[in-house]
Structure formats: C-alpha cells, structure tokens
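Some notes on the structure that comes next.
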Amino acid sequence: MEFIPSHRKIAAPEIVPTLSLYRSAPQLEVRLDDFELYAIDRLRVLKGISDGLSRGKNPKEMEKLVNELWRTHMRLQNNSQALNKDIISHFVLRLVYCRTEDLRKWFLSMETTLFRYRFRVENHDAQRVLMSEFNLSYKALSRAEFESVREKLVQVAHSIGQPIPNSDAIFFKVPFEEVSELVAGRRVFLLKGYAYVAMNQVVSLVVTQFRSHLSKALVLTNRKWMFTIQTQEKDRLTPIVESLSTIYLGPDYTQAKEFAEISLEEINQVANSSFPLCMRHLFERLREDHHLKHGGRMQLGLFLKGVGLKLEDALAFWKAEFSKKAGAERFDKEYAYNIRHNYGKEGKRTDYTPYSCQKIISSTPGAGDHHGCPYRHFSEDNLRAALGKMGVGGRAVDDIIDKARNRHYQLACTLTFEAVHATSCDSGINHPNQYFSESQKVLQSKTQTTT
C-alpha cells in the first residue's frame with residue numbers, strides 16, 4: 001500500500017511514532033503497584049477529557065486540555081518508560097472498563113478522543129506509519145488524478161479555511177461512508193461516492209479504524225476476564241480492577257483543613273449557604289422526619305465530619321433529632337456507636353472518609369431512602385423544585401436539567417454551584433465536601449470585599 005504520491009520519491013528514515021495503536025497486550029512484567037498507579041494516572045487524563053467534553057469545550061480548547069493532561073500525568077523523562085506506561089495503563093483500563101456495556105461505552109469514547117488529539121500532534125511521517133499499521137486500503141492520488149480535481153480541492157480548502165493545496169499536497173481517495181464526520185461537516189470534496197481527504201484530515205480515517213478495533217477488543221477482553229476470575233488470578237486482580245472504575249482521585253476530605261470547625265449554632269446557616277443539593281436534601285429530611293436510614297446517616301454524617309463538625313457536636317446533633325422520634329435512650333443504644341465508629345473511636349479505629357460524588361452517584365437508594373445523587377435519582381419535577389429552593393431559576397435550571405437528563409450528574413452539580421454563587425467553577429465538582437469548601441471560599445471572598 002502506497003501513501004506517498006507517485007510523483008514524489010522520498011527516502012524516509014525509520015519513523016517511530018510516540019503514539020501506540022494498542023493492537024496487542026505487551027509482554028511485560030508489571031509490579032502490582034505500577035499496575036494500579038499507571039492506570040490511575042491514565043484515568044486522570046480520561047476523566048479530564050470527559051469533563052472537558054461535557055462542558056462543551058471547542059476542538060482547540062480540547063487539544064490544549066489533552067496536551068496538558070497528558071504532560072501532567074503520563075510523561076516520564078525516559079521515553080521508553082513513558083511508552084511502556086502508555087501501553088500498560090491502556091490495557092489495565094481496558095480490563096477495568098470491559099465489564100459492562102456502560103463502562104465499555106465510556107472508555108471507548110474517552111480513549112478515542114484521546115487518540116484523536118494525540119494523533120493530530122504527530123508529524124506527517126509518523127501519521128503515515130500509523131496508517132500503514134492499520135493496513136488501510138487507500139492510495140495517495142497520482143499527479144494526474146490530483147491535477148484533474150485540483151480546482152475542486154482548492155475550492156473546498158478555501159471554504160473551510162484550510163491551506164490551499166499545492167503540487168506537493170497529499171490526498172487520499174476514500175469511500176465517503178468511512179469519513180462520515182468530514183462529509184457531515186462539508187470538509188471534503190465528493191465525487192462518485194469517494195471523498196478526497198487531505199493529509200491533515202487523515203485523523204478521521206485512523207480514528208474510525210481505532211474506534212472499531214477497540215470496540216471489538218473490549219468485548220473480547222470481557223470474555224477473557226470472565227474466564228480469568230475463575231482462576232487463581234481472581235484474588236490478586238479482582239479487587240483492583242473492580243475499584244478502579246469507581247475510584248475517586250481527589251482529596252479525601254477526612255477532616256476540614258481550610259476552614260474552622262463548624263458548630264451546632266451555625267450548622268443551619270452553613271447548610272443553607274454551602275451544602276450541595278445531595279446534603280441539603282438529607283439535612284432537610286432529617287429535620288422534618290427526625291430520622292434517616294443507614295445510607296442517609298452515613299452519607300450526611302461523614303460529610304458533616306469532613307466539613308468540621310466535631311464528634312461531641314455530631315453526637316449532640318444526631319441525638320437532638322433522633323430523640324424526637326426514637327427517644328434518647330434508644331439513640332444511645334442503637335445509633336451513637338455508629339457515629340463514634342465513623343470518627344474512628346470504635347471498632348477498628350478507622351478514620352472514615354466522606355463519600356465522593358462517584359460513590360454517591362453509584363448508590364442505589366430504596367424505598368424510604370433519601371441518600372444518593374438528586375441529579376440522578378430525582379424526577380425532573382422534583383429536581384426543578386429542589387433547585388428553586390436553592391434560588392436557582394431561569395435558563396440555569398433548564399441547563400442543569402439537561403445535563404442530568406444526559407447523565408452528566410457532576411456537571412449538573414457544577415452548574416448549580418455556579419448559579420448559586422454567581423461564579424465559575426472550572427475544576428468541576430467531584431466531591432460534596434469540595435462543593436462546601438469552594439462555597440466557603442466564595443462567601444469569605446465576598447465578605448472581605450464588602451468590608
């Protein structure tokens with residue numbers, strides 16, 4: 001297969017792209033620590049891409065974002081080690097995200113986007129090497145064929161703001177259905193069922209092949225994984241693989257670090273001003289019903305611990321509410337132990353961490369439960385009413401509802417934060433305690449400005 005036009009003869013040196021096609025798993029021995037750490041670093045990249053896409057960043061902004069994410073999390077000083085990290089991390093996450101249709105869909109979309117922007121920064125020689133590895137059945141136009149359609153190619157290039165092709169330009173003749181995104185964007189010349197694709201547009205060709213290959217590979221990986229967990233590898237790998245798909249990558253907010261401890265006297269005020277919707281809902285239900293089931297007590301209780309409610313105040317807070325319905329004696333017998341346990345004062349003395357958005361979103365509240373993520377679990381009418389109580393109205397509500405409808409729950413929460421506080425939150429909301437922390441920063445800043 002020829003990717004160089006017949007009228008140009010180039011003795012190209014051996015080119016080694018920095019981008020892998022991940023055609024086969026590497027034959028490498030990997031320490032279990034690196035197995036997990038490499039995957040976490042790549043996951044930071046993919047989740048950053050997901051956030052950028054859900055926030056509607058344009059292609060130039062996405063290209064900058066992807067480059068920054070890759071440089072921050074995946075680059076190593078040694079190029080061979082960096083390539084190994086790239087390949088190993090991809091195949092680890094392929095194993096993690098092959099297990100359900102939803103996981104496969106997300107991973108396929110994010111990896112394809114990552115591949116697209118990494119391919120675009122490769123030079124043309126490296127791009128041709130990658131094309132040849134896919135065994136694409138396309139030939140570059142000969143000089144005669146190029147000249148016969150040159151005028152049309154110039155018109156298309158001019159209309160889309162691309163460089164005007166000269167006699168050295170490389171074009172490929174491709175069945176139009178294989179570059180549907182270029183055709184839809186009217187970015188290629190069409191003739192008799194073929195699209196004439198410039199060298200700087202071949203990313204669409206390769207990305208289509210990459211996506212198709214990865215989609216099939218994920219299904220095969222799932223079958224192999226189902227066999228693997230029946231073998232001796234189960235105990236060693238299963239806990240890591242299952243945890244990585246729901247792992248939270250930010251601060252754990254075990255204890256309030258930036259702001260002073262909150263007291264019982266001010267808890268109502270901070271709940272109204274700085275609690276995210278999931279915690280406001282639990283707080284309000286507790287005040288109204290004087291009771292929460294276990295899931296709600298854990299979600300709200302650990303959050304309150306993380307925002308600075310001391311153990312003594314936590315016991316007093318929960319007892320004051322539960323005693324109204326269950327009585328003080330029953331509270332001391334049935335509920336106080338669990339509160340002390342969450343603070344690491346009972347049992348294994350573990351200092352438990354507040355729940356992240358990912359953990360809350362993935363929960364499945366049953367009848368009578370009030371925990372979980374409102375953006376996922378509320379009906380649209382209930383969500384709209386809850387947002388109204390927070391002071392969110394107008395177009396902002398519609399935007400939030402739209403994000404929730406499309407399963408961008410954390411972005412919906414981010415938009416809520418921005419509407420309530422009249423400021424942007426570029427980092428996005430990934431944790432209820434992060435919401436509280438960012439809210440307190442905004443409110444303190446406004447207080448300092450007015451004084």
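Going by the structure tokens order, chains are called A, B, ..., each with residues numbered from 1, while ligands are numbered from 1 in the order shown.
Using only C-alpha atoms, the protein and nucleic acid residues lying no more than 12 Å from Leu65 in chain A, apart from those fewer than 3 places from it along its own chain, are Val45, Leu46, Lys47, Gly48, Ile49, Ser50, Asp51, Gly52, Leu53, Lys57, Asn58, Pro59, Lys60, Glu61, Met62, Glu68, Leu69, Trp70, Arg71, Thr72, Thr113, Leu114, Tyr117 and Arg118 of chain A.
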Write out, as CSV, each residue of range 63-151 of chain A that has an atom at most 9 Å from range 26-32 of chain A, together with the closest pair of atoms and their distance in Å to one decimal, counting only C-alpha atoms, rows going by chain and rising number.
```
residue,atom,partner,partner_atom,distance
A:Asn84,CA,A:Pro26,CA,8.4
A:Ile87,CA,A:Pro26,CA,7.2
A:Ile88,CA,A:Pro26,CA,7.1
A:Phe91,CA,A:Pro26,CA,8.4
```
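Proximity of A:His158, A:Lys85, A:His291, A:Arg120 to Asn200 in chain A, computed with only C-alpha atoms, is greatest for A:Arg120.
Distances to Val96 in chain A were evaluated for A:Pro239, A:Pro251, A:Gly391, A:Pro165 using only C-alpha atoms, and the minimum falls at A:Pro239.
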Across A:Tyr38, A:Arg23, A:Leu237, A:Ser54, the smallest distance to Asp399 in chain A, with only C-alpha atoms counted, is shown by A:Ser54
* To do: Write out as number ranges by chain which residues come within 12 Å of Ala367 in chain A when counting only C-alpha atoms, dropping same-chain ones fewer than 6 positions away.
  => A: 293, 295, 377
With only C-alpha atoms counted and 12 Å as the cut-off, give the residues of range 3-78 of chain A in contact with range 210-221 of chain A, each with its shortest interatomic distance in Å and the pair that gives it, as a tab-separated table.
```
residue	atom	partner	partner_atom	distance
A:Ser20	CA	A:Phe210	CA	10.5
A:Leu21	CA	A:Phe210	CA	7.3
A:Tyr22	CA	A:Leu214	CA	8.5
A:Arg23	CA	A:His213	CA	8.1
A:Ser24	CA	A:Ala217	CA	9.4
A:Ala25	CA	A:Thr221	CA	10.6
```
- Please, which residues of range 189-316 of chain A, numbered as in this document, come out alpha helix (DSSP H) from DSSP, as a PyMOL selection string? chain A and resi 203-228+234-244+267-274+277-289+294-306+311-316
